[in-house]
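The file work-v6.csv contains CSV, C-alpha atoms:
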chain,number,residue,atom,x,y,z
A,238,MET,CA,100.7,86.6,107.6
A,239,LYS,CA,98.2,89.2,106.5
A,240,ILE,CA,97.6,91.3,103.4
A,241,GLY,CA,95.9,94.6,104.1
A,242,TYR,CA,94.6,97.6,102.1
A,243,HIS,CA,96.2,101.0,102.3
A,244,ALA,CA,93.7,103.9,102.7
A,245,SER,CA,95.3,106.9,101.0
A,246,HIS,CA,93.7,110.1,102.4
A,247,GLU,CA,95.7,112.2,99.9
A,248,GLN,CA,93.9,110.6,97.0
A,249,PHE,CA,90.3,110.0,98.1
A,250,GLY,CA,87.7,111.9,100.2
A,251,PRO,CA,86.9,110.4,103.6
A,252,ALA,CA,83.4,109.1,102.6
A,253,GLN,CA,84.7,107.4,99.5
A,254,LEU,CA,87.7,105.9,101.4
A,255,LEU,CA,85.3,104.5,104.0
A,256,GLU,CA,83.4,102.7,101.4
A,257,LEU,CA,86.7,101.4,99.9
A,258,ALA,CA,87.8,100.1,103.3
A,259,ARG,CA,84.5,98.2,103.6
A,260,LEU,CA,84.8,96.8,100.1
A,261,ALA,CA,88.4,95.7,100.8
A,262,GLN,CA,87.2,93.6,103.8
A,263,VAL,CA,84.5,92.1,101.7
A,264,HIS,CA,87.1,90.9,99.1
A,265,GLY,CA,89.4,89.4,101.7
A,266,PHE,CA,91.9,92.1,102.8
A,267,GLU,CA,92.7,91.5,106.4
A,268,GLY,CA,93.6,95.0,107.7
A,269,ILE,CA,93.7,98.7,106.9
A,270,LEU,CA,96.7,101.0,107.0
A,271,SER,CA,95.7,104.7,107.0
A,272,SER,CA,97.9,107.5,105.8
A,273,ASP,CA,97.9,110.8,107.9
A,274,HIS,CA,98.3,114.0,105.9
A,275,PHE,CA,97.3,117.6,106.4
A,276,GLN,CA,97.7,118.2,102.7
A,277,PRO,CA,98.3,116.0,99.7
A,278,TRP,CA,101.6,115.5,97.9
A,279,THR,CA,100.3,117.2,94.8
A,280,HIS,CA,97.1,119.0,93.7
A,281,ALA,CA,96.3,116.1,91.3
A,282,GLN,CA,95.7,113.9,94.4
A,283,GLY,CA,93.4,116.6,95.8
A,284,HIS,CA,92.3,115.3,99.2
A,285,SER,CA,93.4,115.2,102.9
A,286,GLY,CA,90.9,113.9,105.4
A,287,PHE,CA,91.7,113.7,109.1
A,288,SER,CA,92.9,110.2,109.8
A,289,LEU,CA,92.1,109.8,113.5
A,290,SER,CA,88.4,110.6,113.2
A,291,TRP,CA,88.2,108.6,110.0
A,292,LEU,CA,89.7,105.6,111.8
A,293,GLY,CA,86.9,105.6,114.4
A,294,ALA,CA,84.4,105.2,111.5
A,295,ALA,CA,86.5,102.6,109.7
A,296,LEU,CA,86.9,100.5,112.8
A,297,ALA,CA,83.1,100.6,113.5
A,298,LEU,CA,82.3,99.7,109.9
A,299,THR,CA,84.7,96.8,109.6
A,300,ASP,CA,85.9,94.1,112.0
A,301,ILE,CA,89.5,94.0,110.9
A,302,SER,CA,92.6,95.7,112.4
A,303,CYS,CA,93.3,99.3,111.4
A,304,GLY,CA,96.6,101.3,111.9
A,305,VAL,CA,97.9,104.7,111.1
A,306,VAL,CA,101.4,106.2,110.3
A,307,CYS,CA,101.8,109.5,112.1
A,308,ALA,CA,104.4,111.9,113.5
A,309,PRO,CA,103.9,113.0,117.1
A,310,GLY,CA,105.7,116.1,118.4
A,311,GLN,CA,104.8,119.0,116.2
A,312,ARG,CA,101.3,118.8,114.6
A,313,TYR,CA,100.3,116.3,117.3
A,314,HIS,CA,101.0,116.8,120.9
A,315,PRO,CA,101.9,113.4,122.4
A,316,ALA,CA,99.3,113.7,125.1
A,317,VAL,CA,96.6,114.4,122.6
A,318,LEU,CA,97.7,111.6,120.4
A,319,ALA,CA,97.8,109.2,123.4
A,320,GLN,CA,94.3,110.2,124.3
A,321,ALA,CA,93.1,109.5,120.7
A,322,GLY,CA,94.9,106.2,120.7
A,323,ALA,CA,93.4,105.2,124.1
A,324,THR,CA,89.9,106.1,122.9
A,325,LEU,CA,90.2,103.9,119.8
A,326,ALA,CA,91.8,101.1,121.7
A,327,GLU,CA,89.0,101.2,124.3
A,328,MET,CA,86.3,101.1,121.7
A,329,PHE,CA,87.9,98.4,119.5
A,330,PRO,CA,90.1,96.2,121.7
A,331,GLY,CA,93.1,94.6,120.0
A,332,ARG,CA,92.3,96.1,116.6
A,333,PHE,CA,94.1,99.5,116.6
A,334,TRP,CA,97.8,100.2,116.2
A,335,ILE,CA,100.0,103.3,115.7
A,336,ALA,CA,103.1,103.6,113.5
A,337,ALA,CA,105.3,106.6,114.6
A,338,GLY,CA,107.9,108.4,112.5
A,339,SER,CA,109.8,111.6,112.5
A,340,GLY,CA,107.5,113.3,110.0
A,341,GLN,CA,107.7,115.4,106.9
A,342,MET,CA,107.6,119.2,106.6
A,343,LEU,CA,104.7,118.9,104.1
A,344,ASN,CA,102.4,118.1,107.1
A,345,GLU,CA,104.2,119.2,110.2
A,346,GLY,CA,105.2,122.6,108.9
A,347,ILE,CA,101.7,124.0,109.2
A,348,THR,CA,102.4,124.8,112.9
A,349,GLY,CA,104.9,127.5,111.9
A,350,GLN,CA,107.6,126.0,114.1
A,351,ALA,CA,111.1,125.5,112.8
A,352,TRP,CA,111.7,122.2,111.1
A,353,PRO,CA,114.4,120.3,113.0
A,354,GLU,CA,117.2,118.3,111.6
A,355,LYS,CA,116.7,114.5,111.4
A,356,THR,CA,118.7,113.8,114.7
A,357,GLN,CA,116.5,116.3,116.5
A,358,ARG,CA,113.3,114.9,115.0
A,359,ASN,CA,114.3,111.4,116.1
A,360,GLN,CA,115.0,112.7,119.7
A,361,ARG,CA,111.6,114.4,119.7
A,362,LEU,CA,109.9,111.2,118.4
A,363,LYS,CA,111.4,109.1,121.1
A,364,GLU,CA,110.4,111.6,123.8
A,365,CYS,CA,106.8,111.5,122.5
A,366,VAL,CA,106.7,107.7,122.4
A,367,ASP,CA,107.9,107.6,126.0
A,368,VAL,CA,105.3,110.1,127.1
A,369,MET,CA,102.5,108.2,125.3
A,370,ARG,CA,103.5,104.9,126.9
A,371,LEU,CA,103.6,106.5,130.4
A,372,LEU,CA,100.1,108.0,129.9
A,373,TRP,CA,98.8,104.6,128.7
A,374,SER,CA,100.1,103.0,131.9
A,375,GLY,CA,98.0,105.4,133.9
A,376,GLU,CA,100.7,107.7,135.2
A,377,THR,CA,100.5,111.5,135.6
A,378,VAL,CA,103.2,112.8,133.3
A,379,SER,CA,105.2,116.0,133.3
A,380,HIS,CA,108.1,116.4,130.8
A,381,ARG,CA,110.5,119.1,129.7
A,382,GLY,CA,112.5,118.5,126.5
A,383,MET,CA,111.9,118.7,122.8
A,384,VAL,CA,108.2,118.6,123.8
A,385,THR,CA,106.6,119.9,127.0
A,386,VAL,CA,103.9,118.0,129.0
A,387,GLU,CA,102.4,119.4,132.2
A,388,SER,CA,100.6,117.1,134.7
A,389,ALA,CA,98.8,115.1,132.0
A,390,ARG,CA,96.8,112.0,132.9
A,391,LEU,CA,94.5,109.8,130.9
A,392,TYR,CA,91.3,108.5,132.4
A,393,GLU,CA,90.8,105.8,129.8
A,394,THR,CA,93.7,103.4,129.9
A,395,PRO,CA,92.8,100.2,128.0
A,396,GLU,CA,95.4,97.7,126.8
A,397,PRO,CA,97.7,100.1,125.0
A,398,PRO,CA,98.1,99.8,121.2
A,399,PRO,CA,101.5,98.8,119.9
A,400,ILE,CA,103.8,101.5,118.6
A,401,ILE,CA,105.4,100.5,115.4
A,402,GLY,CA,108.5,102.4,114.3
A,403,ALA,CA,108.3,103.9,110.8
A,404,ALA,CA,111.8,103.8,109.1
A,405,LEU,CA,113.0,104.3,105.6
A,406,SER,CA,116.8,104.0,106.1
A,407,PRO,CA,118.9,101.2,107.7
A,408,GLU,CA,120.2,103.7,110.3
A,409,THR,CA,116.7,104.6,111.5
A,410,ALA,CA,115.6,100.9,111.4
A,411,ALA,CA,118.6,100.0,113.6
A,412,TRP,CA,117.7,102.7,116.1
A,413,MET,CA,114.0,101.6,116.2
A,414,GLY,CA,115.0,98.0,116.8
A,415,SER,CA,115.9,99.0,120.4
A,416,TRP,CA,112.6,100.6,121.4
A,417,ALA,CA,109.7,100.1,118.9
A,418,ASP,CA,107.2,97.3,119.1
A,419,GLY,CA,107.8,96.5,115.4
A,420,LEU,CA,108.9,98.0,112.1
A,421,ILE,CA,107.1,99.5,109.2
A,422,THR,CA,108.8,100.5,106.0
A,423,VAL,CA,107.9,100.9,102.3
A,424,SER,CA,108.7,98.7,99.3
A,425,ARG,CA,111.8,99.3,97.2
A,426,PRO,CA,114.4,97.2,95.3
A,427,GLN,CA,115.1,93.9,97.1
A,428,ASP,CA,118.7,94.7,98.1
A,429,GLU,CA,117.7,98.1,99.6
A,430,LEU,CA,114.8,96.6,101.5
A,431,ARG,CA,116.9,93.8,102.8
A,432,GLN,CA,119.3,96.3,104.4
A,433,VAL,CA,116.5,97.9,106.3
A,434,VAL,CA,115.2,94.5,107.5
A,435,GLU,CA,118.7,93.3,108.6
A,436,ALA,CA,119.4,96.5,110.4
A,437,PHE,CA,116.2,96.2,112.4
A,438,ARG,CA,116.7,92.6,113.2
A,439,ASP,CA,120.3,92.9,114.2
A,440,ASN,CA,119.6,95.7,116.7
A,441,GLY,CA,116.9,94.4,118.9
A,442,GLY,CA,114.1,93.7,116.4
A,443,ARG,CA,114.6,90.0,115.6
A,444,ASP,CA,111.5,88.8,117.4
A,445,LYS,CA,109.3,91.8,116.6
A,446,PRO,CA,106.7,92.0,113.8
A,447,MET,CA,107.5,93.7,110.6
A,448,TYR,CA,105.0,95.6,108.4
A,449,LEU,CA,105.4,96.7,104.8
A,450,LYS,CA,103.5,99.2,102.7
A,451,THR,CA,104.0,98.1,99.2
A,452,GLN,CA,103.3,100.6,96.4
A,453,VAL,CA,101.8,99.1,93.3
A,454,SER,CA,99.9,100.3,90.2
A,455,TYR,CA,97.5,97.7,89.0
A,456,ALA,CA,94.9,98.2,86.2
A,457,ARG,CA,93.4,95.7,83.8
A,458,LYS,CA,95.2,97.4,80.9
A,459,ALA,CA,99.0,98.0,81.1
A,460,ASP,CA,98.8,101.5,79.8
A,461,ASP,CA,96.3,102.4,82.5
A,462,ALA,CA,98.6,101.0,85.2
A,463,VAL,CA,101.5,103.2,83.9
A,464,GLY,CA,99.5,106.3,83.2
A,465,GLY,CA,97.6,106.1,86.5
A,466,ALA,CA,100.8,105.7,88.5
A,467,PHE,CA,102.3,108.7,86.7
A,468,ASP,CA,99.3,110.9,87.2
A,469,GLN,CA,99.1,110.3,91.0
A,470,TRP,CA,102.5,109.3,92.2
A,471,HIS,CA,105.2,110.8,90.0
A,472,ALA,CA,106.1,113.3,92.8
A,473,ASN,CA,106.7,110.5,95.4
A,474,ILE,CA,109.9,108.9,94.1
A,475,PHE,CA,112.5,111.1,95.8
A,476,SER,CA,114.7,110.1,98.7
A,477,SER,CA,113.6,110.6,102.2
A,478,ALA,CA,116.1,113.4,102.7
A,479,VAL,CA,114.3,115.3,99.9
A,480,GLN,CA,110.7,114.4,100.7
A,481,THR,CA,111.0,115.4,104.3
A,482,ARG,CA,112.0,119.0,103.5
A,483,LEU,CA,109.5,119.9,100.8
A,484,ALA,CA,106.8,122.1,102.3
A,485,SER,CA,103.9,122.2,99.9
A,486,PRO,CA,102.2,120.5,97.0
A,487,GLU,CA,103.6,123.2,94.8
A,488,GLU,CA,107.2,122.3,95.8
A,489,PHE,CA,106.6,118.6,95.1
A,490,GLU,CA,105.2,119.5,91.7
A,491,ALA,CA,108.2,121.6,90.9
A,492,ALA,CA,110.6,119.0,92.1
A,493,SER,CA,109.0,116.3,89.9
A,494,LYS,CA,108.8,118.5,86.7
A,495,PHE,CA,111.3,116.3,84.8
A,496,VAL,CA,110.2,112.9,86.2
A,497,THR,CA,109.1,110.5,83.4
A,498,PRO,CA,106.9,107.4,83.5
A,499,ASP,CA,109.9,105.2,83.2
A,500,ASP,CA,111.3,106.6,86.4
A,501,LEU,CA,108.5,105.2,88.4
A,502,PHE,CA,109.3,101.5,87.8
A,503,LYS,CA,112.0,101.4,90.4
A,504,HIS,CA,109.7,102.8,93.1
A,505,VAL,CA,106.2,101.4,92.2
A,506,ARG,CA,105.4,97.8,91.2
A,507,ILE,CA,103.5,98.6,87.9
A,508,SER,CA,101.8,95.7,86.2
A,509,SER,CA,98.4,94.6,84.8
A,510,ASP,CA,99.4,90.9,85.5
A,511,VAL,CA,98.0,89.6,88.8
A,512,GLU,CA,100.5,86.7,88.8
A,513,GLU,CA,103.3,89.2,88.8
A,514,HIS,CA,101.8,90.9,91.9
A,515,VAL,CA,101.5,87.4,93.5
A,516,ARG,CA,105.2,86.9,93.0
A,517,TRP,CA,106.1,90.3,94.4
A,518,LEU,CA,104.0,89.8,97.5
A,519,ARG,CA,105.4,86.3,98.0
A,520,SER,CA,108.9,87.7,98.0
A,521,ASP,CA,107.8,90.2,100.7
A,522,PHE,CA,106.7,87.4,103.0
A,523,GLU,CA,109.8,85.4,102.3
A,524,MET,CA,111.9,88.4,103.5
A,525,GLY,CA,110.1,88.1,106.8
A,526,PHE,CA,107.2,90.7,106.7
A,527,GLN,CA,104.2,89.4,108.5
A,528,HIS,CA,101.9,92.3,107.5
A,529,VAL,CA,101.8,93.7,104.0
A,530,TYR,CA,99.6,96.6,103.1
A,531,VAL,CA,99.1,97.1,99.4
A,532,HIS,CA,98.8,100.7,98.2
A,533,ASN,CA,97.4,100.9,94.6
A,534,VAL,CA,98.6,104.4,93.8
A,535,ASN,CA,96.3,105.0,90.8
A,536,ARG,CA,92.6,105.9,91.1
A,537,GLY,CA,91.2,102.6,90.0
A,538,GLN,CA,90.5,101.2,93.4
A,539,ARG,CA,87.4,99.1,92.9
A,540,GLU,CA,88.9,96.9,90.1
A,541,PHE,CA,92.1,96.7,92.1
A,542,ILE,CA,90.2,95.5,95.2
A,543,GLU,CA,88.1,93.1,93.2
A,544,ASP,CA,90.9,91.6,91.1
A,545,PHE,CA,93.3,91.2,94.0
A,546,GLY,CA,90.5,89.6,96.1
A,547,ALA,CA,89.8,87.1,93.3
A,548,GLY,CA,93.3,86.4,92.0
A,549,VAL,CA,96.0,87.5,94.4
A,550,LEU,CA,94.9,87.1,98.0
A,551,PRO,CA,93.7,83.5,97.6
A,552,GLU,CA,97.0,82.4,96.1
A,553,LEU,CA,99.0,83.8,99.0
A,554,VAL,CA,96.7,82.7,101.8
A,555,GLY,CA,96.7,79.2,100.4
A,556,GLN,CA,100.5,79.1,100.2
A,557,HIS,CA,101.1,80.3,103.7
A,558,ALA,CA,98.4,78.2,105.2
A,559,GLU,CA,100.3,75.1,104.0
A,560,THR,CA,103.6,76.3,105.3
What is this file in C-alpha cells?
Amino acid sequence: MKIGYHASHEQFGPAQLLELARLAQVHGFEGILSSDHFQPWTHAQGHSGFSLSWLGAALALTDISCGVVCAPGQRYHPAVLAQAGATLAEMFPGRFWIAAGSGQMLNEGITGQAWPEKTQRNQRLKECVDVMRLLWSGETVSHRGMVTVESARLYETPEPPPIIGAALSPETAAWMGSWADGLITVSRPQDELRQVVEAFRDNGGRDKPMYLKTQVSYARKADDAVGGAFDQWHANIFSSAVQTRLASPEEFEAASKFVTPDDLFKHVRISSDVEEHVRWLRSDFEMGFQHVYVHNVNRGQREFIEDFGAGVLPELVGQHAET
C-alpha cells in the first residue's frame, strides 16, 4: 500500500514541479502521479507543461514509480503514445504506468475535431488500448475504426507498462473491469466512491489493483487551507458530464462564477489537522485502494510535503506494516 504525490501541471511550471517531485520522494512519498493537460482549468492556475517529456526527467531524478492519466485517440495518436510509453518503460523498467480515460474537451478539443459522445469516446479509448497493447507485443498493426493506424511497428518493446482504466462513474468502472489492468478514480463522499469500487470489482476487477487520486487542501492555518482551495480549485467541482464538455479556461471560470468556499467541502478534503488527513487516508486503504496519490490543490506544496512526510505518512506506513 503506497502513498504518492500528485504532480499538477496545471498549477506549477515543469521545473518547479520537478523539484517538488524530488522533494516528495525525500519526505517519503512512494510514487508520482502526473496530470496531462494542454491548458489549465482556469487562468488562476496558469501552467500546462507537457507531461510525457516531464516524466522522463522525473523518472531520471527519482527512483520511485511514476504514472500519467491521459486520453489516447484525439490529441494523442495511440501509436505515438505507445512509442512514448515503450521508451519510458525501456529506460526505467517497472517504474512507469499509464492510466487511460476518455478525455475532456478542454484538452482534446485543440485538434479541431468534433467532440464525440461518451459512448463513442469509450469505443475510441478501447480501440486505442488494443492498438497500444499489440504494438507493445511487437506486432505490425493496421487498424480502421474510430482511429486509423497504418502498418505501425515499434522497435523498442520492453516489458509493457500496465494500462489502468480511469473512471469517474460506476458504469465506466464496471466496463473497465473487463479489460483494464486496474482502476484509477478520484476521491468523493464515501457512499459514491464505494459504488465505483464495487462496480469495478463485480465486473472483472476483483483481483486487480485500484488507484485513487485524493484531492485535499492542507495548510498550517485553516483559513489558508480554505482560501487556497477556493483560489485554485473552485472550478473543478462539477460533474463529469459537465467537465468533459467545457472547452476553455474561460468556460470553466464562467461556470464557477457562483461557487462559494463552502461548496468545496464535498469535493476537497480541506483541513489544517494532519490527524484528520490520516483518518481520511486510512479509510481509503480500508476501502481497498492500494495506491493513493494525494493532490494538495492549493499552492502551498512545500509545507504540505514536509508536514505529510513528518505527520501523515509514518502513521499509515506503520499501521499497514503491522497488518
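Considering only C-alpha atoms, the residue among A:Leu483, A:Ala295, A:Val554, A:Leu405 positioned nearest to A:Lys450 is A:Leu405.
Nearest to A:Leu343 of all the residues A:Leu296, A:Val479, A:Ala244, A:Ala258 is A:Val479, counting all atoms listed in the file.
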Next on the checklist: When you count all atoms listed in the file, which of these residues is closest to A:Leu318: A:Ala294, A:Ala337, A:Met369, A:Ala281?
Outcome noted: A:Met369
Next on the checklist: Taking only C-alpha atoms into account, name the residue in A:Gln320, A:Ser406, A:Thr394, A:Ser272 that is nearest to A:Ala308.
Outcome noted: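 For A:Ala308, the nearest of the given residues is A:Ser272.
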Enumerate, in order of chain and increasing residue number, the residues of stretch 244-289 of chain A with an atom no farther than 8 Å from stretch 465-477 of chain A, each with its shortest atom pair and distance in Å to one decimal, counting only C-alpha atoms, as a tab-separated table.
residue	atom	partner	partner_atom	distance
A:Gln248	CA	A:Gln469	CA	7.9
A:Trp278	CA	A:Ala472	CA	7.1
A:Thr279	CA	A:Ala472	CA	7.3
A:Ala281	CA	A:Gln469	CA	6.4
A:Gln282	CA	A:Gln469	CA	6.0
